[in-house]
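Source file: target_28.txt; contents: compact mmCIF, C-alpha atoms.
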# COMPACT_ATOMS: atom_id res chain seq x y z
CA MET M 1 17.59 37.78 -57.93
CA THR M 2 15.26 40.63 -58.90
CA LEU M 3 18.31 42.78 -59.67
CA LEU M 4 19.86 40.04 -61.80
CA ILE M 5 16.68 39.44 -63.79
CA THR M 6 16.20 43.18 -64.35
CA ILE M 7 19.82 43.64 -65.51
CA LEU M 8 19.39 40.73 -67.95
CA ALA M 9 16.17 42.30 -69.25
CA ALA M 10 17.98 45.65 -69.62
CA VAL M 11 20.83 44.07 -71.60
CA VAL M 12 18.45 42.13 -73.88
CA ALA M 13 16.29 45.23 -74.49
CA THR M 14 19.41 47.30 -75.26
CA VAL M 15 20.69 44.75 -77.79
CA ILE M 16 17.26 44.55 -79.46
CA TRP M 17 17.06 48.37 -79.63
CA TYR M 18 20.59 48.64 -81.05
CA SER M 19 20.22 45.95 -83.68
CA SER M 20 16.69 46.47 -84.98
CA GLU M 21 15.31 49.45 -86.88
CA LYS M 22 11.79 48.18 -86.20
CA ALA M 23 12.50 48.10 -82.45
CA ARG M 24 13.69 51.71 -82.57
CA GLU M 25 10.51 52.66 -84.41
CA LEU M 26 8.44 50.92 -81.73
CA ARG M 27 10.15 52.96 -79.00
CA VAL M 28 11.94 50.04 -77.34
CA ILE M 29 14.22 52.78 -75.98
CA ASN M 30 11.54 53.46 -73.32
CA LEU M 31 11.83 49.88 -72.16
CA VAL M 32 15.64 50.16 -72.17
CA PHE M 33 15.62 53.24 -69.94
CA MET M 34 12.97 51.75 -67.67
CA PHE M 35 14.99 48.57 -67.06
CA TRP M 36 18.31 50.41 -66.63
CA GLY M 37 16.72 52.91 -64.24
CA ALA M 38 15.27 50.13 -62.09
CA SER M 39 18.53 48.14 -62.26
CA LEU M 40 20.54 51.11 -60.98
CA MET M 41 18.08 51.68 -58.15
CA TRP M 42 18.10 48.02 -57.12
CA LEU M 43 21.88 48.04 -57.34
CA VAL M 44 21.92 50.71 -54.61
CA ASP M 45 19.54 48.54 -52.56
CA ALA M 46 21.85 45.54 -53.05
CA VAL M 47 24.96 47.48 -52.02
CA VAL M 48 23.22 48.80 -48.88
CA GLU M 49 22.08 45.28 -47.99
CA PHE M 50 25.56 43.91 -48.64
CA ILE M 51 27.08 46.52 -46.31
CA GLU M 52 24.60 45.48 -43.61
CA ILE M 53 24.83 41.68 -43.84
CA ARG M 54 28.07 41.12 -45.77
CA ALA M 55 28.65 37.53 -47.02
CA GLU M 56 25.18 36.43 -45.98
CA TYR M 57 23.89 38.47 -48.90
CA PHE M 58 25.19 35.81 -51.28
CA GLN M 59 23.53 32.94 -49.42
CA PRO M 60 19.82 33.64 -49.69
CA ALA M 61 17.25 31.10 -48.55
CA ALA M 62 15.66 29.08 -51.37
CA ALA M 63 12.20 30.44 -50.58
CA ASP M 64 13.47 34.04 -50.72
CA MET M 65 15.20 33.37 -54.03
CA LEU M 66 12.06 31.90 -55.51
CA ASN M 67 9.98 34.85 -54.32
CA ASP M 68 12.55 37.31 -55.70
CA ALA M 69 12.62 35.49 -59.06
CA PHE M 70 8.83 35.58 -59.20
CA LEU M 71 9.00 39.30 -58.44
CA GLY M 72 11.66 39.80 -61.13
CA PHE M 73 9.51 38.20 -63.83
CA SER M 74 6.47 40.15 -62.63
CA VAL M 75 8.50 43.36 -62.92
CA ILE M 76 9.38 42.46 -66.52
CA ALA M 77 5.71 41.75 -67.27
CA LEU M 78 4.69 45.11 -65.79
CA ALA M 79 7.37 46.97 -67.78
CA LEU M 80 6.23 45.25 -70.99
CA VAL M 81 2.61 46.20 -70.30
CA ILE M 82 3.63 49.85 -69.72
CA TRP M 83 5.64 49.80 -72.96
CA VAL M 84 2.79 48.26 -75.00
CA VAL M 85 0.32 50.83 -73.64
CA THR M 86 2.79 53.64 -74.50
CA VAL M 87 3.21 52.28 -78.03
CA LEU M 88 -0.56 52.03 -78.53
CA ILE M 89 -1.10 55.58 -77.25
CA LYS M 90 1.75 57.13 -79.28
CA ASP M 91 0.89 54.97 -82.32
CA PRO M 92 4.27 55.40 -84.07
CA LYS M 93 3.16 53.41 -87.13
CA HIS M 94 -0.06 55.47 -87.42
CA ILE M 95 -2.23 52.35 -87.41
CA PHE M 96 -5.11 54.06 -85.59
CA ALA M 97 -4.65 57.29 -87.55
CA LYS M 98 -5.13 55.39 -90.82
CA LYS M 99 -8.32 53.77 -89.58
CA GLY M 100 -9.70 56.98 -88.12
CA MET E 1 10.27 51.24 -47.34
CA ALA E 2 9.84 54.38 -49.43
CA CYS E 3 13.22 54.97 -51.02
CA PHE E 4 11.62 55.21 -54.48
CA LEU E 5 9.93 58.47 -53.48
CA VAL E 6 13.23 60.38 -53.81
CA PRO E 7 13.82 59.44 -57.50
CA THR E 8 10.09 60.04 -58.08
CA ALA E 9 10.42 63.57 -56.70
CA GLU E 10 13.45 64.13 -58.91
CA ALA E 11 11.48 62.80 -61.89
CA VAL E 12 8.73 65.39 -61.25
CA VAL E 13 11.32 68.20 -61.17
CA THR E 14 13.21 67.01 -64.27
CA THR E 15 9.94 66.58 -66.19
CA ILE E 16 9.03 70.21 -65.47
CA ILE E 17 12.55 71.32 -66.48
CA THR E 18 12.20 69.31 -69.72
CA LYS E 19 8.94 71.11 -70.59
CA VAL E 20 10.58 74.50 -69.97
CA VAL E 21 13.65 73.59 -72.05
CA GLN E 22 11.42 72.24 -74.84
CA ALA E 23 9.44 75.49 -74.95
CA LYS E 24 12.67 77.53 -75.12
CA GLU E 25 13.99 75.29 -77.90
CA LYS E 26 10.79 75.72 -79.87
CA LYS E 27 10.97 79.52 -79.45
CA ALA E 28 14.65 79.58 -80.43
CA GLY E 29 13.86 77.44 -83.49
CA ILE E 30 11.11 79.86 -84.61
CA GLU E 31 13.37 82.91 -84.11
CA LYS E 32 16.11 81.22 -86.08
CA ALA E 33 13.71 80.39 -88.90
CA GLU E 34 12.45 83.98 -88.97
CA GLY E 35 16.02 85.27 -89.18
CA LEU E 36 15.89 86.95 -85.79
CA GLU E 37 18.78 84.71 -84.80
CA LYS E 38 19.03 86.11 -81.25
CA VAL E 39 19.51 82.63 -79.88
CA GLU E 40 20.89 82.96 -76.38
CA PHE E 41 19.67 79.51 -75.64
CA SER E 42 21.51 77.10 -77.83
CA THR E 43 19.46 73.97 -77.92
CA GLU E 44 19.49 72.11 -81.10
CA GLY E 45 23.13 71.63 -80.39
CA LYS E 46 25.53 72.22 -83.23
CA HIS E 47 25.79 68.51 -83.73
CA GLY E 48 22.29 67.14 -83.30
CA THR E 49 20.29 65.83 -80.37
CA PRO E 50 18.45 68.64 -78.58
CA PHE E 51 19.03 68.94 -74.83
CA SER E 52 15.34 68.37 -74.12
CA LYS E 53 15.62 64.94 -75.73
CA LYS E 54 18.61 64.14 -73.53
CA LEU E 55 16.58 65.23 -70.51
CA LYS E 56 13.86 62.82 -71.62
CA TRP E 57 16.37 59.99 -71.24
CA LEU E 58 16.78 60.96 -67.59
CA ASN E 59 13.01 61.25 -67.14
CA SER E 60 12.49 57.77 -68.60
CA MET E 61 15.07 56.24 -66.29
CA LEU E 62 13.70 58.00 -63.20
CA TRP E 63 9.99 57.40 -63.92
CA GLY E 64 10.52 53.84 -65.16
CA GLY E 65 12.75 52.88 -62.26
CA SER E 66 10.43 54.50 -59.72
CA VAL E 67 7.34 52.73 -61.08
CA LEU E 68 9.05 49.33 -61.00
CA LEU E 69 10.38 49.97 -57.49
CA ALA E 70 6.93 51.09 -56.35
CA PHE E 71 5.61 47.77 -57.66
CA GLU E 72 8.26 45.96 -55.61
CA HIS E 73 7.15 47.86 -52.50
CA LEU E 74 3.55 46.94 -53.25
CA TRP E 75 4.66 43.31 -53.62
CA HIS E 76 6.28 43.41 -50.17
CA GLY E 77 3.23 45.05 -48.60
CA GLU E 78 5.01 48.34 -47.91
CA ILE E 79 2.45 50.34 -49.87
CA THR E 80 -1.27 50.22 -49.10
CA PRO E 81 -4.21 51.58 -51.11
CA PHE E 82 -5.48 53.52 -48.07
CA PHE E 83 -4.11 56.40 -45.96
CA PRO E 84 -1.22 56.85 -45.04
CA PHE E 85 -0.39 54.66 -48.11
CA LEU E 86 2.99 53.65 -46.66
CA THR E 87 2.84 51.05 -43.89
CA ALA E 88 5.97 52.54 -42.35
CA ALA E 89 4.23 55.88 -41.90
CA ALA E 90 1.72 54.33 -39.50
CA ASN E 91 3.91 54.67 -36.41
CA PRO E 92 6.68 57.15 -35.50
CA GLU E 93 9.42 54.53 -35.05
CA ASP E 94 8.94 53.05 -38.53
CA ALA E 95 8.49 56.52 -39.96
CA ALA E 96 11.90 57.57 -38.62
CA GLU E 97 13.47 54.47 -40.16
CA MET E 98 11.68 55.20 -43.43
CA LEU E 99 12.97 58.78 -43.52
CA HIS E 100 16.48 57.52 -42.80
CA GLU E 101 16.20 55.08 -45.69
CA MET E 102 14.93 57.82 -47.99
CA ALA E 103 17.85 60.04 -46.98
CA THR E 104 20.41 57.29 -47.63
CA SER E 105 19.22 54.74 -50.21
CA GLY E 106 16.74 57.06 -51.90
CA VAL E 107 19.22 59.89 -52.37
CA ALA E 108 21.92 57.43 -53.50
CA MET E 109 19.50 56.00 -56.12
CA ALA E 110 18.66 59.45 -57.47
CA VAL E 111 22.33 60.47 -57.55
CA LEU E 112 23.47 57.24 -59.25
CA VAL E 113 20.81 57.47 -61.98
CA THR E 114 21.69 61.13 -62.59
CA VAL E 115 25.43 60.40 -62.72
CA VAL E 116 24.90 57.55 -65.20
CA TRP E 117 22.70 59.83 -67.32
CA GLY E 118 25.46 62.47 -67.22
CA GLY E 119 27.87 59.83 -68.51
CA ILE E 120 25.48 58.90 -71.34
CA VAL E 121 25.13 62.58 -72.32
CA ILE E 122 28.92 63.08 -72.35
CA VAL E 123 29.44 59.96 -74.49
CA SER E 124 26.65 60.96 -76.90
CA ASN E 125 28.15 64.48 -77.23
CA VAL E 126 31.56 62.98 -78.06
CA ILE E 127 30.02 60.61 -80.63
CA GLU E 128 28.03 63.45 -82.26
CA LYS E 129 31.10 65.73 -82.41
CA ARG E 130 33.16 62.94 -83.93
CA ALA E 131 30.49 62.22 -86.55
CA ALA E 132 30.23 65.94 -87.38
CA SER E 133 33.99 66.41 -87.76
CA ALA E 134 34.21 63.24 -89.89
CA GLY E 135 31.47 64.69 -92.11
CA GLU E 136 33.32 68.01 -92.41
CA GLU E 137 36.56 66.23 -93.35
CA ALA E 138 34.76 64.22 -96.03
CA GLU E 139 33.29 67.48 -97.39
CA VAL E 140 36.73 69.14 -97.57
CA ARG E 141 38.21 66.14 -99.40
CA SER E 142 35.47 66.12 -102.02
Structure translated into structure tokens:
Amino acid sequence: MTLLITILAAVVATVIWYSSEKARELRVINLVFMFWGASLMWLVDAVVEFIEIRAEYFQPAAADMLNDAFLGFSVIALALVIWVVTVLIKDPKHIFAKKG
Amino acid sequence: MACFLVPTAEAVVTTIITKVVQAKEKKAGIEKAEGLEKVEFSTEGKHGTPFSKKLKWLNSMLWGGSVLLAFEHLWHGEITPFFPFLTAAANPEDAAEMLHEMATSGVAMAVLVTVVWGGIVIVSNVIEKRAASAGEEAEVRS
């Protein structure tokens, strides 16, 4: 579930980066790479787990799924916070530079 | 357990390499501008994106992925704020399992991210070459 949510976030971020000039200016590319990097790493985790437990991998308990979904959304929130902090520090629109 | 430490270690190495490449690119750029032109280290790339920028793509994937995976480990209680920081490192049996996981999953993660980055670099080189040759053709026609 965490892998799925992260892949969806990666796809959405990639589409936003590709289609919007403003998004490129705001360094959405960092978010894109962050999500794709994590997705690839969790993909390896998923493959290893699948090799170990085979078909059982696709029948997770409801409680585990809920916890994984909660984790997935928390991961997105964390990535967004990191991205916002990066944008504020790099200040690509020179908002702070103008005030200073 | 601690598989994210392998991509993190790779991220440290690639970040250092990026800084070195960036410095060489800057030096080569200055020499070129001064007409010294002894550029052994071709960086800017005939067709655009400097190699240091491409390395930054890899850094972003490795650092970003490692941070998010570290958060997942924190979530599952595998990382603690006190020594030895990894719960699996507390006893030898778990430590052995952790090292095995780092050697398998961790290395596979680092390799997969690097291979995907290599693919992105190849595709971007092809796109840049195509754009450059299309530009040259348009110039010849006009």
In Å, how far is it from atom CA of Met34 of chain M to atom CA of Gln22 of chain E?
->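 Rounded to one decimal, the two atoms are 21.8 Å apart.
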Name the closest residue to Ile82 of chain M among the candidates E:Phe51, E:Trp63, E:Phe83, E:Trp57; distances are taken between atoms, counting only C-alpha atoms.
->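 So, comparing all the options, the nearest one is E:Trp63.
Residues of chain E having any atom within 8 Å of chain M, counting all atoms listed in the file, are Trp57, Ser60, Met61, Leu62, Trp63, Gly64, Gly65, Ser66, Leu68, Leu69, Phe71, Glu72, Trp75, Ser105, Ala108, Met109, Ala110, Leu112 and Val113 of chain E.
When only C-alpha atoms are used to measure the gap to Val84 of chain M, the shortest distance among M:Arg54, M:Pro60, M:Phe70, M:Val28 belongs to M:Val28.
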Any idea what the distance is between atom CA of Val6 of chain E and atom CA of Gly106 of chain E?
->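 So the two atoms, atom CA of Val6 of chain E and atom CA of Gly106 of chain E, lie 5.2 Å apart.
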Nearest to Ala62 of chain M, chosen from M:Met1, M:Leu80, M:Ile95, M:Leu8, with all atoms listed in the file counted in the distances |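 Comparing M:Met1, M:Leu80, M:Ile95, M:Leu8 against Ala62 of chain M, the winner is M:Met1.
Going from atom CA of Asp94 of chain E over to atom CA of Glu78 of chain E, you cover 11.2 Å.
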So which one's closest to Ala11 of chain E, E:Arg141, E:Thr114, E:Gly48, E:Glu31? Using only C-alpha atoms, please.
->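 Answer, going by the shortest atom-to-atom distance: E:Thr114.
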Give the centre and edge lengths of an axis-aligned box, in Å to one decimal, that holds all listed atoms of segment 80-88 of chain M with 5 Å on each side, as JSON.
{"center_x": 2.8, "center_y": 49.4, "center_z": -74.1, "size_x": 16.8, "size_y": 18.4, "size_z": 18.8}
Which residues, written as a PyMOL selection string, have at least one atom at most 12 Å from Lys90 of chain M, with only C-alpha atoms counted and residues fewer than 6 positions away on the same chain left out?
-> chain M and resi 25-27+83-84+96-97
